[in-house]
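Student: Before I ask anything, let me first share the structure, which is written out below as structure tokens.
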Amino acid sequence: MSDREGPIRRVLVAGGGLVGWSAAAALRRRLPWLEVVILPIAPPADAIADRMRATLPSILGFHEDLGLSNADAVVRTGSGVRLGTLFEGWTAGGADPVADYVHAYGRHGRPMEGGSFHLHWARAARHQRPAPFDRFSVAAAMARAGRFAVPADDPEALVGGFEHGLHLDPERYTAMLRAFALHCGVREQPGDLAGVAIGADGFVTAAVLAEGGRIEADLFVDATGPAARLRGALDDRRTSWAKWLPCDRLILAEDAAMPADPLDRVTARDCGWDWTGGGSRGLVYASAFAGEAAFAGEGVAIDAGTRPQPWLRNCVAIGDAATAVEPLEWTNLHLAHSAIDRIVAMLPARDCAPVELAEYNRQCAAEADRVRDFLALHYTASDRPEPFWRAVAEVAPPPSLAHSLAQFRARGRLPFYEEETFAKDSWLAVLIGQNVRPERDDPLIALVPPDRAAAAMTHYAQALAAAVAALPPASAASHFLLRS
Amino acid sequence: MTETPPIRVVIVGGGTSGWMAAAALAKLLPRRCAVHLVESEAIGIVGVGEATLPHIRAFNERLGIAEADFMAWTRATFKLGIEFRDWGRIGDSYIHPFGTFGRGQSEVDFHHYWARLVQAGVDMPPIERFSMACTMAREGRFALPTTDPRQITTTFGYAYQFDAVLFAPYLRALAERMGAVRSEGIVVDVEHDGESGDLTAIRLADGRRIEGDLFVDCSGFRSLLLGGAMGEPFQDWSRWLPADRAVAMPCRTETALTPYTSAIAMPAGWRWRIPLQHRTGNGYVYASGFISDDQARDALVAAVEGEPIADPRLLRFTAGRRERSWVGNCVAIGLASGFLEPLESTSIYLVQQAITALIELFPQGRVRGVDRDEFNRVIDLEYERIRDFLILHYHATERDDSEFWRYVRTMTIPDSLAEKMELFRRRGRIVKYREGVFLDASWVAVYLGQRIRPEGRDPRADLPALDVLMRGMTALRDEVAATAAAMPGHLAFIDRYCPMSPAA
């Protein structure tokens, strides 16, 4: 249609939480010809991406793309370093009890003569008793020891080849983003959303304000949380993941007095899990199994699932408005960042041509499915005896996860998928941490005799432990971040 | 720890794929398998897949093959890309490089900046002037790439053009050193397990019987085991890739030893030109519905540049593949699993990918469905991505000079390709994958080379000021040109690095 020719000039971002301000700042900074208006509606209680303190390592890349330094984005906002998560009680143990495991980011061990380290570890685990898998991860070792160093430039170095995330103070962090966004030229239009005006062609023409007035734009970015107050006006098609991710309630409590610790603790409970770390604690549970528990009925709802078309016509949902999942593994903000990056890289013209949106949506869907699989893995691979855990273990996993599990169980192989959030080492940390084991030795490592492999593993674990013990305490992390 | 007995692997067919498989299995799974390859000197090998992709280097490295030794033995030359002549229009020429356009490091792909200037009416040189691989190819230069990412000399890769008839014996020597056993003979029959239908043995014409646990079908187009014994159906792709014959004829090299392969469009297909150290390979790939065998042969003979050194040889094929490449305990590798014309030198690449997947999924004891399914999933992805890329070459044309070109220009193409083309046409967007043989620069080269000009571009390409961008472009082009000019000539490099033995 002729009135939809030409480039996108004006964008409205709805949502004044961490996600909304991240989107507004990134769009204005990275696509500086855009006029970016934000309607800073306070994030609702169920907008998980806006509220969680723990982040994945990808947030540092997001800062870098915006030109935000560690001094401004991390240290001055009171953020801390986050190295990983300690998972406690996610398996009952069985014949080979594993009390807990750490999922941190980056390399485990070193490959030996062309065979992946985990294949050697898995073979050793079947015949001997090697140190737990996470003892071979430098980030996990640092997290357990409360030590920290920035990764060495050389990824092959002993204290290299890893990444870390952050613990945010959402209020201070959002304030920093807001100041940065306004400095970049984002225009703030205070108000609340009363309705969405839709034109004859189905495109959104304006956000209608409760206070009267309307904001017109070429493109509308919905960062209002699960309610998707803009995008939801076009359609409400959603794919539910509830059968694989059955926790449907979240109780969140801030705890400013909590000591800084780079390691979160995530503990499996009768009908869900709880966490402490980074200045917050919380409980995520399945209401159908809560019974008479004291907390039953409390908290906000989580409706696990995704929109098959986060971007429809000229309205794109990001964060929880696009994909809602429980905060396990802290993916909510990461998915929002990833969507923002994708909007920047794929910005269409004003006509929002379906062929371009289809490619955007294809990538988002692939990414969301992989996150779903990674979270579902934690449940499906658990052998805990409680009714909640038995019920979720009985559900057949999504086919792509079933394929990954079958491949891993057969011989320790992890099939490749596009748009994967978690690297192979993260999958290994959780698979092995939850007692999923390959049934057979991979023939590829037959060239290395088991005792030679075992000696190399012992040597590596000792060298790593010694190197980590010599590092400064994690409490000094901000000092190092300022220098890096 | 208990050692399971080695799997008895029976490979049917020598040739490039058979010996590549034998060498890789013997070298990489020495205790897990016992390799027995059956081939017949009475059956020729196709052996026209002389041009490769850069992936072959990783394969050779894994097998411990020393590059210079291998190149001298197979009389190989370096290959920086493929020149496509007369594809978009008669008179056109472009190079699909093994490398990037620009430095390949900016957030916005280089071709968007180039498109911006073209769209602004700037008289831009062809995009290949901003590619190290293309420029070296055009200038006939070669040097090995470097590893410091700040240098422009890291922006290209390379493959080989070699004599496949010499590659098989080279691999055979390696495989036999590693313990592979070879038998001379012609397979006349197979035996199946009554219950599972799996293969249990092959029978040879002289009465010998060879038992095995896993059968690898490298019998070429005949697909003796997979297509024949296992009856796996063939998926015909000839409605998109109508070429079904090739006539091949080597000749003496009369012109410069180009560090690239040429694919020259012809009235009913295309012609390859692959320069080796001792000869030049030529062949005309054509669609028999549009031209007779005699016409094709005459056209090839007329087109070759030097004195022929063998008679023209005819090959017949159908584009497509067996629905599954691994059925029961039978894995087909190479032409026995499918055929895609050698337009983008993918034959040996597909062999290599199948071998790599087989090694990663190699059975212990009996074959398990979980391994087989993953193998087939991996191979499916490879075939389908290559298929779309090949179809693009035929479909993206303005040629109207023959019935063949009118057909391919107007045929219905797979939806997956139509969407990719539409994305590029509108905004210069490339559908991104992390995995797959042909990544961004390959698609850009073919789109632009075949006259698909993006109407728009990534809006971020408009961020630099016009004069700053133009100065940067000029500096880059000059750096590429000067760097290429300082390199040795292709022939001089080969003479120093890997000359074939004069007596050979």
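Numbering starts fresh at 1 for the residues of each chain in the structure tokens, the chains themselves are lettered A, B, ... in the order given, and ligands are numbered from 1 as they appear.
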Tell me which protein, DNA and RNA residues are within 12 Å of stretch 26-36 of chain A, counting only C-alpha atoms, leaving out same-chain ones fewer than 6 positions away, and put them as a VMD selection string.

Tutor: (chain A and resid 7 to 14 18 to 20 62 to 68 177 to 178 180 to 189 215 to 221 336 to 347) or (chain B and resid 107 to 108 458 to 464)

Student: Per residue of chain B within 8 Å of chain A, what are the shortest atom pair and its distance in Å to one decimal, counting only C-alpha atoms, with rows by chain and residue number, as CSV?

Tutor:
residue,atom,partner,partner_atom,distance
B:Met1,CA,A:His127,CA,7.2
B:Leu28,CA,A:Leu444,CA,6.9
B:Leu29,CA,A:Leu444,CA,6.2
B:Pro30,CA,A:Leu447,CA,7.8
B:Arg31,CA,A:Ala446,CA,7.3
B:Arg32,CA,A:Pro443,CA,6.4
B:Ile359,CA,A:Leu444,CA,7.6
B:Glu360,CA,A:Leu444,CA,7.3
B:Phe362,CA,A:Pro443,CA,7.2
B:Gln364,CA,A:Pro443,CA,7.6
B:Val370,CA,A:Gln407,CA,6.7
B:Asp371,CA,A:Gln407,CA,7.4
B:Glu374,CA,A:Gln407,CA,7.8
B:Glu419,CA,A:Val355,CA,6.8
B:Glu422,CA,A:Val355,CA,7.5
B:Leu423,CA,A:Glu356,CA,6.5
B:Val431,CA,A:Glu359,CA,7.7
B:Tyr433,CA,A:Glu418,CA,6.9
B:Arg434,CA,A:Glu418,CA,6.7
B:Glu435,CA,A:Glu418,CA,7.5
B:Asp458,CA,A:Met346,CA,7.7
B:Pro459,CA,A:Leu347,CA,7.9
B:Arg460,CA,A:Leu31,CA,6.6

Student: Write to file, as an mmCIF file, in the first residue's frame, the residues of the selection just made, with N, CA and C atoms.

Tutor:
data_model
loop_
_atom_site.group_PDB
_atom_site.id
_atom_site.type_symbol
_atom_site.label_atom_id
_atom_site.label_comp_id
_atom_site.auth_asym_id
_atom_site.auth_seq_id
_atom_site.Cartn_x
_atom_site.Cartn_y
_atom_site.Cartn_z
ATOM 1 N N MET B 1 38.252 -53.146 31.509
ATOM 2 C CA MET B 1 37.306 -52.704 30.495
ATOM 3 C C MET B 1 37.259 -53.734 29.373
ATOM 4 N N LEU B 28 41.025 -43.497 11.849
ATOM 5 C CA LEU B 28 40.423 -42.860 13.017
ATOM 6 C C LEU B 28 39.747 -43.843 13.969
ATOM 7 N N LEU B 29 39.410 -45.033 13.482
ATOM 8 C CA LEU B 29 38.784 -46.024 14.365
ATOM 9 C C LEU B 29 39.557 -47.337 14.286
ATOM 10 N N PRO B 30 40.859 -47.285 14.563
ATOM 11 C CA PRO B 30 41.698 -48.444 14.249
ATOM 12 C C PRO B 30 41.294 -49.726 14.975
ATOM 13 N N ARG B 31 40.832 -49.610 16.205
ATOM 14 C CA ARG B 31 40.507 -50.851 16.925
ATOM 15 C C ARG B 31 39.031 -51.191 16.829
ATOM 16 N N ARG B 32 38.269 -50.251 16.350
ATOM 17 C CA ARG B 32 36.823 -50.456 16.347
ATOM 18 C C ARG B 32 36.331 -51.097 15.065
ATOM 19 N N ILE B 359 31.698 -41.685 11.128
ATOM 20 C CA ILE B 359 32.684 -41.910 12.186
ATOM 21 C C ILE B 359 32.120 -41.478 13.540
ATOM 22 N N GLU B 360 31.433 -40.321 13.537
ATOM 23 C CA GLU B 360 30.869 -39.847 14.805
ATOM 24 C C GLU B 360 29.748 -40.762 15.306
ATOM 25 N N PHE B 362 29.511 -44.072 14.575
ATOM 26 C CA PHE B 362 29.906 -45.433 14.233
ATOM 27 C C PHE B 362 29.356 -46.432 15.247
ATOM 28 N N GLN B 364 28.647 -49.638 17.668
ATOM 29 C CA GLN B 364 29.393 -50.570 18.508
ATOM 30 C C GLN B 364 28.481 -51.762 18.624
ATOM 31 N N VAL B 370 19.048 -45.030 16.624
ATOM 32 C CA VAL B 370 19.341 -43.668 17.047
ATOM 33 C C VAL B 370 20.531 -43.098 16.272
ATOM 34 N N ASP B 371 21.501 -43.944 15.969
ATOM 35 C CA ASP B 371 22.658 -43.484 15.201
ATOM 36 C C ASP B 371 22.281 -43.251 13.740
ATOM 37 N N GLU B 374 20.159 -40.072 13.184
ATOM 38 C CA GLU B 374 20.938 -38.835 13.261
ATOM 39 C C GLU B 374 21.797 -38.667 12.009
ATOM 40 N N GLU B 419 11.911 -17.750 -1.034
ATOM 41 C CA GLU B 419 11.965 -16.812 0.090
ATOM 42 C C GLU B 419 13.355 -16.200 0.242
ATOM 43 N N GLU B 422 13.796 -13.580 -2.447
ATOM 44 C CA GLU B 422 12.980 -12.391 -2.185
ATOM 45 C C GLU B 422 13.634 -11.516 -1.107
ATOM 46 N N LEU B 423 14.173 -12.151 -0.086
ATOM 47 C CA LEU B 423 14.841 -11.389 0.977
ATOM 48 C C LEU B 423 16.042 -10.632 0.424
ATOM 49 N N VAL B 431 19.867 -15.207 4.327
ATOM 50 C CA VAL B 431 19.360 -16.039 5.416
ATOM 51 C C VAL B 431 20.557 -16.694 6.093
ATOM 52 N N TYR B 433 22.831 -18.926 8.520
ATOM 53 C CA TYR B 433 22.974 -20.183 9.252
ATOM 54 C C TYR B 433 24.381 -20.218 9.806
ATOM 55 N N ARG B 434 24.528 -20.887 10.919
ATOM 56 C CA ARG B 434 25.875 -21.094 11.416
ATOM 57 C C ARG B 434 26.481 -22.323 10.775
ATOM 58 N N GLU B 435 25.631 -23.295 10.484
ATOM 59 C CA GLU B 435 26.112 -24.520 9.878
ATOM 60 C C GLU B 435 25.693 -24.547 8.419
ATOM 61 N N ASP B 458 20.633 -2.762 4.158
ATOM 62 C CA ASP B 458 20.559 -2.594 5.602
ATOM 63 C C ASP B 458 20.665 -1.103 5.901
ATOM 64 N N PRO B 459 19.682 -0.536 6.615
ATOM 65 C CA PRO B 459 19.730 0.925 6.813
ATOM 66 C C PRO B 459 20.971 1.382 7.568
ATOM 67 N N ARG B 460 21.613 0.488 8.306
ATOM 68 C CA ARG B 460 22.823 0.898 9.019
ATOM 69 C C ARG B 460 23.982 1.209 8.071
#

Student: What residues in stretch 161-293 of chain B get the DSSP label helix (DSSP H, G or I)? Please answer as a ChimeraX atom specification.

Tutor: /B:164-177,220-222,224-229,293

Student: With C-alpha atoms retained, could you export that selection as a PDB file, in the first residue's frame?

Tutor:
ATOM      1  CA  ALA B 164      40.860 -37.823  -8.673  1.00  0.00           C
ATOM      2  CA  VAL B 165      42.226 -40.818 -10.528  1.00  0.00           C
ATOM      3  CA  LEU B 166      45.472 -40.288  -8.611  1.00  0.00           C
ATOM      4  CA  PHE B 167      43.807 -39.404  -5.296  1.00  0.00           C
ATOM      5  CA  ALA B 168      42.213 -42.843  -4.876  1.00  0.00           C
ATOM      6  CA  PRO B 169      45.555 -44.729  -5.042  1.00  0.00           C
ATOM      7  CA  TYR B 170      47.099 -42.160  -2.692  1.00  0.00           C
ATOM      8  CA  LEU B 171      44.380 -42.862  -0.141  1.00  0.00           C
ATOM      9  CA  ARG B 172      44.590 -46.561  -0.839  1.00  0.00           C
ATOM     10  CA  ALA B 173      48.239 -46.617   0.162  1.00  0.00           C
ATOM     11  CA  LEU B 174      47.355 -44.776   3.357  1.00  0.00           C
ATOM     12  CA  ALA B 175      44.401 -47.049   4.125  1.00  0.00           C
ATOM     13  CA  GLU B 176      46.401 -50.215   3.521  1.00  0.00           C
ATOM     14  CA  ARG B 177      49.179 -48.951   5.781  1.00  0.00           C
ATOM     15  CA  GLY B 220      28.696 -44.938  -7.606  1.00  0.00           C
ATOM     16  CA  PHE B 221      25.615 -44.270  -9.686  1.00  0.00           C
ATOM     17  CA  ARG B 222      24.649 -47.943  -9.607  1.00  0.00           C
ATOM     18  CA  LEU B 224      24.420 -51.497  -5.781  1.00  0.00           C
ATOM     19  CA  LEU B 225      23.619 -51.994  -2.098  1.00  0.00           C
ATOM     20  CA  LEU B 226      21.438 -49.070  -1.032  1.00  0.00           C
ATOM     21  CA  GLY B 227      19.400 -48.675  -4.196  1.00  0.00           C
ATOM     22  CA  GLY B 228      19.729 -52.265  -5.387  1.00  0.00           C
ATOM     23  CA  ALA B 229      19.828 -54.665  -2.447  1.00  0.00           C
ATOM     24  CA  ASP B 293      24.787 -36.312 -27.198  1.00  0.00           C
TER      25      ASP B 293
END

Student: Residues at most 12 Å from A:Asp255, counting only C-alpha atoms, excluding those fewer than 3 positions away in the same chain, as a list of chain:residue names?

Tutor: A:Arg53, A:Asp169, A:Leu252, A:Met258, A:Pro259, A:Ala260, A:Trp275, A:Thr276, A:Gly277, A:Gly278, A:Gly279, A:Ser280, A:Arg281, A:Gly282

Student: May I ask for the distance between atom CA of B:Phe317 and atom CA of B:Val247, given in Å to one decimal place?

Tutor: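 Atom CA of B:Val247 lies 11.4 Å from atom CA of B:Phe317.
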
Student: Atom CA of B:Leu53 and atom CA of B:Tyr349, how far apart in Å?

Tutor: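 Atom CA of B:Leu53 lies at a distance of 6.6 Å from atom CA of B:Tyr349.
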